[in-house]
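So this one's structure.txt, compact mmCIF, C-alpha atoms:
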# COMPACT_ATOMS: atom_id res chain seq x y z
CA MET A 1 -67.60 26.51 -27.74
CA LYS A 2 -68.02 24.38 -24.60
CA VAL A 3 -64.67 23.41 -23.09
CA LEU A 4 -63.61 21.08 -20.25
CA LEU A 5 -60.16 21.63 -18.72
CA ILE A 6 -58.70 18.75 -16.73
CA GLY A 7 -56.25 19.51 -13.90
CA SER A 8 -55.83 21.54 -10.73
CA GLY A 9 -52.36 23.08 -10.66
CA GLY A 10 -50.65 26.35 -11.51
CA ARG A 11 -50.26 25.27 -15.13
CA GLU A 12 -54.01 24.70 -15.39
CA HIS A 13 -54.78 28.05 -13.76
CA ALA A 14 -52.60 29.73 -16.41
CA LEU A 15 -54.34 27.77 -19.19
CA ALA A 16 -57.77 28.59 -17.74
CA TRP A 17 -56.93 32.30 -17.46
CA LYS A 18 -55.81 32.39 -21.10
CA LEU A 19 -58.57 30.16 -22.51
CA ALA A 20 -61.26 32.20 -20.74
CA GLN A 21 -60.16 35.26 -22.76
CA SER A 22 -61.21 33.57 -26.02
CA PRO A 23 -64.26 35.02 -27.78
CA LEU A 24 -64.98 31.46 -28.96
CA MET A 25 -65.64 30.28 -25.39
CA THR A 26 -69.33 29.90 -24.46
CA GLU A 27 -69.21 27.51 -21.48
CA PHE A 28 -66.10 26.59 -19.50
CA TYR A 29 -65.73 23.77 -16.96
CA ALA A 30 -62.70 22.53 -15.01
CA ALA A 31 -62.19 19.25 -13.14
CA PRO A 32 -61.19 19.32 -10.38
CA GLY A 33 -59.77 22.87 -10.64
CA ASN A 34 -58.69 25.11 -7.76
CA PRO A 35 -59.87 28.44 -6.26
CA GLY A 36 -57.90 30.40 -8.88
CA ILE A 37 -59.36 28.42 -11.77
CA ALA A 38 -62.83 29.03 -10.25
CA GLU A 39 -62.45 32.69 -11.27
CA HIS A 40 -62.59 31.61 -14.92
CA ALA A 41 -64.45 28.28 -15.10
CA THR A 42 -67.21 26.31 -13.36
CA LEU A 43 -65.54 23.70 -11.14
CA VAL A 44 -66.77 20.13 -11.49
CA THR A 45 -66.41 17.30 -8.95
CA LEU A 46 -65.27 14.57 -11.30
CA ASN A 47 -62.91 11.64 -10.79
CA ILE A 48 -60.58 12.17 -13.74
CA ASP A 49 -59.19 8.62 -13.30
CA ASP A 50 -62.67 7.31 -14.13
CA HIS A 51 -62.67 7.75 -17.89
CA ASP A 52 -66.29 6.60 -18.24
CA ALA A 53 -67.38 9.31 -15.77
CA VAL A 54 -65.47 11.96 -17.75
CA ILE A 55 -67.10 10.79 -21.00
CA ALA A 56 -70.56 10.81 -19.35
CA PHE A 57 -70.02 14.39 -18.17
CA CYS A 58 -68.88 15.48 -21.64
CA LYS A 59 -72.00 13.93 -23.19
CA GLU A 60 -74.28 15.48 -20.58
CA LYS A 61 -72.87 18.99 -21.12
CA ALA A 62 -72.32 18.56 -24.90
CA ILE A 63 -68.64 19.45 -24.48
CA ASP A 64 -66.93 20.41 -27.76
CA PHE A 65 -63.32 20.26 -26.64
CA VAL A 66 -61.34 18.69 -23.77
CA VAL A 67 -57.99 20.21 -22.74
CA VAL A 68 -55.86 17.90 -20.58
CA GLY A 69 -53.31 19.77 -18.44
CA PRO A 70 -51.24 17.28 -16.36
CA GLU A 71 -49.11 14.35 -17.45
CA ALA A 72 -50.61 11.62 -15.24
CA PRO A 73 -54.04 11.42 -16.95
CA LEU A 74 -52.36 11.60 -20.37
CA VAL A 75 -50.00 8.72 -19.57
CA ALA A 76 -53.01 6.85 -18.12
CA GLY A 77 -54.63 7.20 -21.56
CA ILE A 78 -57.54 9.57 -20.94
CA ALA A 79 -57.35 10.98 -24.48
CA ASP A 80 -58.05 7.66 -26.22
CA PRO A 81 -61.56 6.83 -24.92
CA LEU A 82 -62.57 10.50 -25.22
CA ARG A 83 -61.55 10.53 -28.89
CA ALA A 84 -63.26 7.18 -29.44
CA ALA A 85 -66.44 8.73 -28.01
CA GLY A 86 -66.20 11.54 -30.59
CA PHE A 87 -64.70 14.37 -28.52
CA ALA A 88 -61.89 16.64 -29.69
CA VAL A 89 -58.98 16.42 -27.22
CA PHE A 90 -55.84 18.48 -26.68
CA GLY A 91 -53.22 15.99 -25.53
CA PRO A 92 -51.50 12.88 -26.88
CA SER A 93 -52.73 9.29 -26.95
CA ALA A 94 -51.45 6.84 -24.33
CA GLY A 95 -49.01 5.48 -26.92
CA ALA A 96 -47.61 8.93 -27.72
CA ALA A 97 -47.57 9.93 -24.04
CA GLN A 98 -44.89 7.29 -23.48
CA LEU A 99 -42.47 10.06 -24.46
CA GLU A 100 -42.94 11.29 -20.89
CA GLY A 101 -44.26 8.13 -19.27
CA SER A 102 -41.09 6.16 -20.05
CA LYS A 103 -37.68 7.78 -20.27
CA GLY A 104 -36.39 4.55 -21.78
CA PHE A 105 -38.98 4.79 -24.59
CA THR A 106 -37.79 8.33 -25.36
CA LYS A 107 -34.15 7.28 -25.37
CA ASP A 108 -34.95 4.44 -27.77
CA ILE A 109 -36.75 6.87 -30.12
CA CYS A 110 -33.68 9.16 -29.97
CA ALA A 111 -31.38 6.26 -30.84
CA ARG A 112 -33.60 5.09 -33.71
CA TYR A 113 -33.99 8.54 -35.31
CA ASP A 114 -30.53 9.95 -34.56
CA ILE A 115 -31.78 12.67 -32.19
CA PRO A 116 -28.90 14.20 -30.20
CA THR A 117 -29.02 13.13 -26.54
CA GLY A 118 -26.72 11.72 -23.85
CA ALA A 119 -25.50 8.11 -24.23
CA TYR A 120 -27.60 5.79 -22.05
CA GLN A 121 -28.42 2.31 -20.82
CA ARG A 122 -31.66 0.89 -19.37
CA PHE A 123 -31.67 -1.42 -16.33
CA ASN A 124 -34.30 -3.44 -14.45
CA ASN A 125 -32.06 -4.39 -11.54
CA ALA A 126 -29.65 -2.60 -9.21
CA PRO A 127 -26.47 -4.72 -9.55
CA LYS A 128 -26.25 -4.24 -13.33
CA ALA A 129 -27.02 -0.52 -13.08
CA LYS A 130 -24.34 -0.08 -10.41
CA ALA A 131 -21.77 -2.03 -12.42
CA TYR A 132 -22.41 0.23 -15.41
CA ILE A 133 -22.12 3.35 -13.24
CA ARG A 134 -18.79 2.18 -11.78
CA GLU A 135 -17.57 1.51 -15.32
CA GLN A 136 -18.62 4.97 -16.56
CA GLY A 137 -17.66 7.03 -13.50
CA ALA A 138 -19.13 10.32 -12.29
CA PRO A 139 -20.65 12.78 -12.99
CA ILE A 140 -23.54 10.72 -14.33
CA VAL A 141 -27.35 10.97 -14.40
CA VAL A 142 -29.74 8.42 -12.86
CA LYS A 143 -33.45 8.59 -13.78
CA ALA A 144 -36.48 6.65 -12.63
CA ASP A 145 -38.05 5.47 -15.89
CA GLY A 146 -41.63 6.50 -15.10
CA LEU A 147 -43.50 9.54 -13.79
CA ALA A 148 -42.07 10.87 -10.52
CA ALA A 149 -43.50 14.42 -10.37
CA GLY A 150 -40.21 15.97 -11.44
CA LYS A 151 -38.29 14.32 -8.59
CA GLY A 152 -37.03 11.07 -10.13
CA VAL A 153 -33.84 12.50 -11.64
CA THR A 154 -30.48 12.60 -9.87
CA VAL A 155 -27.58 14.48 -11.43
CA ALA A 156 -24.89 12.66 -9.48
CA MET A 157 -21.55 14.41 -9.16
CA THR A 158 -20.00 11.47 -7.23
CA LEU A 159 -20.17 7.68 -7.57
CA ASP A 160 -21.68 7.33 -4.09
CA GLU A 161 -24.49 9.72 -5.01
CA ALA A 162 -25.22 7.77 -8.21
CA LEU A 163 -25.24 4.40 -6.43
CA ALA A 164 -27.56 5.77 -3.74
CA ALA A 165 -29.91 7.08 -6.46
CA VAL A 166 -30.11 3.57 -7.94
CA ASP A 167 -31.03 2.18 -4.52
CA ASP A 168 -33.70 4.88 -4.10
CA CYS A 169 -35.33 3.83 -7.36
CA PHE A 170 -35.29 0.07 -6.80
CA GLU A 171 -36.21 0.34 -3.12
CA GLY A 172 -39.44 2.17 -3.95
CA ALA A 173 -38.74 5.87 -3.32
CA PHE A 174 -40.63 6.68 -6.55
CA GLY A 175 -43.10 3.80 -6.50
CA GLU A 176 -43.68 2.01 -9.80
CA ALA A 177 -41.82 4.79 -11.62
CA GLY A 178 -38.54 3.36 -10.31
CA ALA A 179 -39.12 -0.24 -11.44
CA GLU A 180 -36.74 0.48 -14.32
CA VAL A 181 -33.82 2.91 -14.33
CA VAL A 182 -32.17 4.87 -17.13
CA VAL A 183 -28.51 5.77 -16.58
CA GLU A 184 -27.18 8.37 -18.96
CA ALA A 185 -24.14 10.50 -19.66
CA TYR A 186 -23.85 13.83 -17.88
CA LEU A 187 -24.30 16.70 -20.33
CA ASP A 188 -22.41 19.88 -19.55
CA GLY A 189 -24.03 23.14 -20.61
CA GLU A 190 -27.02 25.38 -19.96
CA GLU A 191 -30.54 24.00 -19.67
CA ALA A 192 -33.51 25.44 -21.56
CA SER A 193 -37.17 24.55 -22.03
CA PHE A 194 -38.48 24.50 -25.59
CA PHE A 195 -42.18 24.38 -26.47
CA CYS A 196 -44.00 23.68 -29.70
CA LEU A 197 -47.38 22.31 -30.70
CA SER A 198 -47.85 19.30 -32.98
CA ASP A 199 -50.87 17.80 -34.72
CA GLY A 200 -49.00 14.63 -35.68
CA LYS A 201 -47.81 16.03 -39.02
CA SER A 202 -46.57 19.58 -38.54
CA ALA A 203 -45.15 21.70 -35.72
CA LEU A 204 -45.84 25.24 -34.52
CA LEU A 205 -43.05 26.85 -32.53
CA LEU A 206 -44.31 28.47 -29.33
CA ALA A 207 -41.60 29.96 -27.12
CA THR A 208 -38.62 29.18 -24.93
CA ALA A 209 -38.18 29.39 -21.17
CA GLN A 210 -35.77 28.49 -18.40
CA ASP A 211 -36.75 27.15 -15.01
CA HIS A 212 -35.02 26.66 -11.68
CA LYS A 213 -35.46 23.05 -10.59
CA ARG A 214 -33.43 23.05 -7.39
CA VAL A 215 -34.99 24.21 -4.14
CA GLY A 216 -32.10 26.41 -2.95
CA GLU A 217 -30.70 29.70 -4.13
CA GLY A 218 -27.77 29.48 -6.50
CA ASP A 219 -29.48 26.36 -7.93
CA THR A 220 -28.48 24.19 -4.95
CA GLY A 221 -30.24 21.46 -3.00
CA PRO A 222 -32.63 18.73 -4.15
CA ASN A 223 -34.63 18.84 -7.38
CA THR A 224 -38.25 20.02 -7.24
CA GLY A 225 -41.05 20.34 -9.75
CA GLY A 226 -39.69 23.88 -10.36
CA MET A 227 -39.16 26.91 -8.12
CA GLY A 228 -39.57 29.57 -10.79
CA ALA A 229 -39.22 30.28 -14.50
CA TYR A 230 -38.78 33.02 -17.05
CA SER A 231 -39.31 33.45 -20.79
CA PRO A 232 -37.73 33.86 -23.26
CA ALA A 233 -34.52 31.88 -22.61
CA PRO A 234 -31.54 34.04 -23.67
CA VAL A 235 -29.46 30.95 -24.49
CA MET A 236 -31.98 29.97 -27.18
CA THR A 237 -30.74 32.10 -30.05
CA ALA A 238 -32.42 32.03 -33.47
CA GLU A 239 -29.77 29.52 -34.58
CA MET A 240 -30.39 27.24 -31.57
CA ILE A 241 -34.15 27.38 -32.14
CA GLU A 242 -33.72 26.44 -35.80
CA ARG A 243 -31.36 23.58 -34.92
CA THR A 244 -33.72 22.31 -32.21
CA MET A 245 -36.60 22.17 -34.69
CA LYS A 246 -34.53 20.42 -37.38
CA GLU A 247 -32.45 18.07 -35.22
CA ILE A 248 -34.86 17.23 -32.39
CA ILE A 249 -38.53 18.17 -32.92
CA GLU A 250 -39.02 17.29 -36.61
CA PRO A 251 -37.32 13.85 -36.36
CA THR A 252 -39.44 13.11 -33.27
CA ILE A 253 -42.70 13.96 -35.07
CA ARG A 254 -41.61 11.77 -37.99
CA GLY A 255 -40.43 8.98 -35.70
CA MET A 256 -43.59 8.93 -33.58
CA ALA A 257 -45.78 8.74 -36.70
CA GLU A 258 -43.66 5.91 -38.14
CA SER A 259 -43.81 4.10 -34.77
CA GLY A 260 -47.62 4.12 -34.93
CA HIS A 261 -48.01 6.80 -32.24
CA PRO A 262 -48.54 10.11 -34.08
CA PHE A 263 -48.07 12.90 -31.54
CA SER A 264 -50.84 15.46 -31.04
CA GLY A 265 -50.38 18.02 -28.28
CA VAL A 266 -47.50 20.05 -26.90
CA PHE A 267 -43.87 19.01 -27.03
CA PHE A 268 -42.00 20.30 -24.00
CA ALA A 269 -38.38 19.49 -24.75
CA GLY A 270 -35.94 19.81 -21.88
CA LEU A 271 -32.68 20.73 -23.61
CA MET A 272 -29.04 21.05 -22.66
CA ILE A 273 -27.20 23.55 -24.82
CA THR A 274 -23.73 22.02 -25.01
CA ALA A 275 -20.60 22.85 -27.01
CA LYS A 276 -22.08 20.61 -29.75
CA GLY A 277 -25.43 22.42 -29.79
CA PRO A 278 -28.88 21.43 -28.48
CA GLU A 279 -29.18 17.95 -26.94
CA LEU A 280 -32.37 16.42 -25.58
CA ILE A 281 -32.48 15.73 -21.83
CA GLU A 282 -36.10 14.59 -21.80
CA TYR A 283 -39.53 15.12 -23.32
CA ASN A 284 -42.67 16.10 -21.48
CA VAL A 285 -46.04 15.79 -23.21
CA ARG A 286 -47.76 18.74 -21.52
CA PHE A 287 -46.93 22.34 -20.74
CA GLY A 288 -44.28 22.90 -18.09
CA ASP A 289 -45.16 24.05 -14.60
CA PRO A 290 -44.17 26.88 -13.90
CA GLU A 291 -43.07 27.49 -17.53
CA CYS A 292 -46.69 27.53 -18.75
CA GLN A 293 -47.39 30.51 -16.51
CA VAL A 294 -44.72 32.68 -18.16
CA LEU A 295 -45.65 31.47 -21.66
CA MET A 296 -49.31 32.39 -21.20
CA MET A 297 -48.33 35.86 -19.94
CA ARG A 298 -46.40 36.47 -23.20
CA LEU A 299 -48.86 34.89 -25.67
CA LYS A 300 -50.81 37.56 -27.56
CA SER A 301 -52.82 35.15 -29.73
CA ASP A 302 -56.06 33.45 -28.74
CA LEU A 303 -54.99 30.12 -27.17
CA LEU A 304 -58.17 28.19 -27.91
CA PRO A 305 -57.88 27.94 -31.73
CA LEU A 306 -54.19 26.98 -31.38
CA LEU A 307 -54.98 24.02 -29.14
CA LEU A 308 -58.00 23.08 -31.26
CA ALA A 309 -55.81 23.02 -34.39
CA CYS A 310 -53.68 20.31 -32.73
CA ALA A 311 -56.78 18.19 -32.18
CA ASN A 312 -58.19 18.83 -35.67
CA GLY A 313 -54.95 18.32 -37.64
CA THR A 314 -55.01 21.90 -38.95
CA LEU A 315 -51.93 23.29 -37.21
CA ASP A 316 -50.45 24.48 -40.51
CA GLN A 317 -53.33 26.98 -40.76
CA VAL A 318 -52.67 28.91 -37.50
CA THR A 319 -49.92 31.16 -36.16
CA ALA A 320 -48.92 32.33 -32.69
CA GLU A 321 -48.02 35.92 -31.87
CA TRP A 322 -45.83 36.70 -28.86
CA SER A 323 -45.09 39.79 -26.81
CA ASP A 324 -41.50 41.02 -26.90
CA ASP A 325 -41.71 41.48 -23.14
CA ALA A 326 -40.13 38.98 -20.77
CA ALA A 327 -42.17 37.20 -18.09
CA LEU A 328 -40.96 35.75 -14.80
CA SER A 329 -42.74 33.59 -12.23
CA VAL A 330 -41.68 32.94 -8.62
CA VAL A 331 -43.01 29.80 -6.94
CA MET A 332 -44.10 30.14 -3.34
CA ALA A 333 -43.90 26.73 -1.67
CA SER A 334 -44.78 25.27 1.71
CA LYS A 335 -41.90 25.25 4.19
CA GLY A 336 -40.25 21.83 4.09
CA TYR A 337 -40.91 21.22 0.37
CA PRO A 338 -39.75 19.08 -1.47
CA ALA A 339 -39.65 16.93 1.70
CA ALA A 340 -42.54 16.74 4.21
CA TYR A 341 -44.56 19.90 4.78
CA GLU A 342 -47.62 20.98 6.74
CA LYS A 343 -50.91 21.10 4.85
CA ASN A 344 -53.94 23.38 5.17
CA THR A 345 -51.94 26.38 6.41
CA PRO A 346 -53.86 29.68 6.05
CA ILE A 347 -53.12 32.16 3.26
CA LEU A 348 -54.41 35.38 4.78
CA ALA A 349 -54.07 37.71 1.79
CA LEU A 350 -53.09 37.84 -1.88
CA PRO A 351 -51.97 41.06 -3.60
CA LYS A 352 -54.10 42.88 -6.14
CA ALA A 353 -52.39 42.25 -9.47
CA GLY A 354 -51.98 45.12 -11.92
CA GLU A 355 -51.47 45.08 -15.71
CA GLY A 356 -48.95 42.41 -16.68
CA GLU A 357 -49.15 40.76 -13.25
CA LYS A 358 -50.91 37.61 -12.06
CA VAL A 359 -50.86 35.32 -9.03
CA PHE A 360 -51.63 31.79 -10.24
CA HIS A 361 -52.96 29.22 -7.76
CA ALA A 362 -51.09 25.89 -7.77
CA GLY A 363 -51.78 24.08 -4.49
CA THR A 364 -54.67 25.93 -2.83
CA ALA A 365 -58.17 25.11 -1.61
CA LEU A 366 -61.03 26.81 0.18
CA LYS A 367 -61.66 25.45 3.68
CA ASP A 368 -64.63 26.90 5.57
CA GLY A 369 -64.53 29.83 3.17
CA SER A 370 -60.85 30.60 3.80
CA LEU A 371 -57.93 30.08 1.41
CA VAL A 372 -55.42 27.43 2.54
CA ALA A 373 -52.26 25.90 1.11
CA THR A 374 -52.72 22.22 0.29
CA GLY A 375 -49.67 21.43 -1.84
CA GLY A 376 -45.91 21.69 -1.91
CA ARG A 377 -45.86 24.35 -4.61
CA VAL A 378 -48.72 26.69 -3.79
CA LEU A 379 -48.61 30.04 -5.62
CA ASN A 380 -46.93 31.32 -8.80
CA VAL A 381 -46.34 35.06 -8.52
CA THR A 382 -45.85 36.24 -12.09
CA ALA A 383 -45.07 39.52 -13.86
CA THR A 384 -43.89 40.88 -17.21
CA GLY A 385 -41.31 43.52 -18.04
CA ALA A 386 -39.21 44.92 -20.88
CA THR A 387 -36.32 42.76 -19.60
CA VAL A 388 -36.03 39.70 -17.37
CA GLY A 389 -34.59 42.00 -14.71
CA GLU A 390 -37.62 44.26 -14.83
CA ALA A 391 -40.02 41.29 -14.77
CA LYS A 392 -38.11 39.91 -11.77
CA ASP A 393 -38.36 43.18 -9.86
CA ARG A 394 -42.10 43.41 -10.52
CA ALA A 395 -42.74 39.77 -9.54
CA TYR A 396 -40.88 40.09 -6.23
CA ALA A 397 -42.62 43.41 -5.49
CA LEU A 398 -45.98 41.70 -6.07
CA LEU A 399 -44.92 38.80 -3.87
CA GLU A 400 -44.55 41.16 -0.89
CA GLY A 401 -48.35 41.38 -0.83
CA VAL A 402 -48.75 37.64 -0.13
CA LYS A 403 -49.60 37.05 3.54
CA TRP A 404 -48.76 33.41 4.21
CA ASP A 405 -46.57 32.52 7.19
CA ASN A 406 -45.79 28.97 6.04
CA GLY A 407 -44.59 30.01 2.59
CA PHE A 408 -41.07 30.40 1.24
CA CYS A 409 -39.50 31.17 -2.12
CA ARG A 410 -36.15 31.52 -3.79
CA ARG A 411 -35.02 35.13 -4.12
CA ASP A 412 -32.81 34.64 -7.18
CA ILE A 413 -35.17 33.44 -9.92
CA GLY A 414 -33.83 34.58 -13.29
CA TRP A 415 -30.31 35.27 -11.97
CA ARG A 416 -28.54 33.91 -15.03
CA ALA A 417 -30.58 36.01 -17.47
CA VAL A 418 -30.26 39.11 -15.27
CA GLU A 419 -26.45 38.71 -15.22
CA ARG A 420 -26.49 38.44 -19.03
CA GLU A 421 -28.50 41.66 -19.30
CA LYS A 422 -26.01 43.51 -17.10
CA ALA A 423 -23.01 42.26 -19.10
Rewrite the structure from the file as structure tokens, please.
Amino acid sequence: MKVLLIGSGGREHALAWKLAQSPLMTEFYAAPGNPGIAEHATLVTLNIDDHDAVIAFCKEKAIDFVVVGPEAPLVAGIADPLRAAGFAVFGPSAGAAQLEGSKGFTKDICARYDIPTGAYQRFNNAPKAKAYIREQGAPIVVKADGLAAGKGVTVAMTLDEALAAVDDCFEGAFGEAGAEVVVEAYLDGEEASFFCLSDGKSALLLATAQDHKRVGEGDTGPNTGGMGAYSPAPVMTAEMIERTMKEIIEPTIRGMAESGHPFSGVFFAGLMITAKGPELIEYNVRFGDPECQVLMMRLKSDLLPLLLACANGTLDQVTAEWSDDAALSVVMASKGYPAAYEKNTPILALPKAGEGEKVFHAGTALKDGSLVATGGRVLNVTATGATVGEAKDRAYALLEGVKWDNGFCRRDIGWRAVEREKA
């Protein structure tokens, strides 16, 4: 099977690493890819925003299957013309991708199909949003409606913080993503990431994870795209998983089909486990980053037929087998992230990964033959273990072999799970 993977981040490196293991794979391309992905696939210089160019490449190479990694091309509708041209695609249509592309759209689906989530209001101007916030009080959550690379959400513990977040959105801090704002009730509990595949009719449970969104240790400081993750999530008991499927995932699949946007791809549900049970914080329509990295380390099944079943509508005919081991990934980021940071800093050495270990490339490039850091989040140092604590120890031991002066990481990834294991 000839496969094209679209994307260039740590999530796509993890997908490429896993897909390349499939005996079904005959030719494997990635656009634009990164130096890590180049170990598994042939990199292609292709403007993924130019859908006609992507289709022309797929025709030229007789591609059988296109796997879309990031959210931006999905929200921009790359899957639709590819499908119209006869190609199988892993990833939702533009209509279905609104689940991530518009937080207001998701909230409206939740309201229509009685999916548990925080009470909310949508606003297209600052004065009305601020009046509502003053009426509700803090803590409260302010979200840019559109895509903001994981940074458009403010969990405001004070009124001043919430009002400032509204100004940030309407004054252009998140570009077009902030043209509309969703203000919602603060949910108190423990966050978890929940993943399952859908072909528009049925769902296949994958696994659970937890990530650390804030830049500082102890989960402090500004939100990022994610500073580390581990799987499975201890808070997601068998009962919570069952309730999440019945109360959140299944009504969403039904609701999207009834709304004329059947969902094919991966549901990444950001959950808050409250005293009432699982409540939806938000949906993403692609694998999490860095959650994908820990999921792929634990997945024992061949990934390719699972993703293909989503595209072909045959998800009820496949199963996924998982390792009982835990996996943990530590993000190494450029100093200054999530604010301004220096680009093209040299990465002098990466460690040799052993069994159950992998360093995924997220924001790297080759410059004059040397590896450099080009992004905010640059490397995902990942390991498995019998417990989260063991996986954490192995990941941080592996990380010591990274020689990169401009890099930093949190030293407490997995702390909540490790404390649970000690209890």
Within 12 Å of Asp167 in chain A using all atoms listed in the file, minus same-chain residues under 6 positions, as a VMD selection string: chain A and resid 124 to 130 142 to 144 154 160 to 161 173 to 174 178 to 181
Option closest in space to Cys409 in chain A, from A:Met1, A:Leu163, A:Val215, A:Ala275 [counting all atoms listed in the file]: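 When distances to Cys409 in chain A are compared using all atoms listed in the file, the smallest one comes from A:Val215.
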Straight-line distance linking CA of Ala79 in chain A with CA of Leu147 in chain A, stated in Å to one decimal: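 One can read the CA of Ala79 in chain A to CA of Leu147 in chain A distance as 17.6 Å.
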Surrounding residues of Arg11 in chain A excluding itself and chain neighbours under 5 positions, 7 Å, only C-alpha atoms, as a PyMOL selection string: chain A and resi 289-290+292-293
Those residues with C-alpha atoms, as a CSV table (one decimal), in the frame of the given file please?
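The resulting file, selection-v8.csv, is reproduced below:
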chain,number,residue,atom,x,y,z
A,289,ASP,CA,-45.2,24.0,-14.6
A,290,PRO,CA,-44.2,26.9,-13.9
A,292,CYS,CA,-46.7,27.5,-18.8
A,293,GLN,CA,-47.4,30.5,-16.5
Computed interatomic separation between CA of Gln136 in chain A and CA of Thr117 in chain A (Å):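 Computing it gives 16.6 Å between the two atoms.
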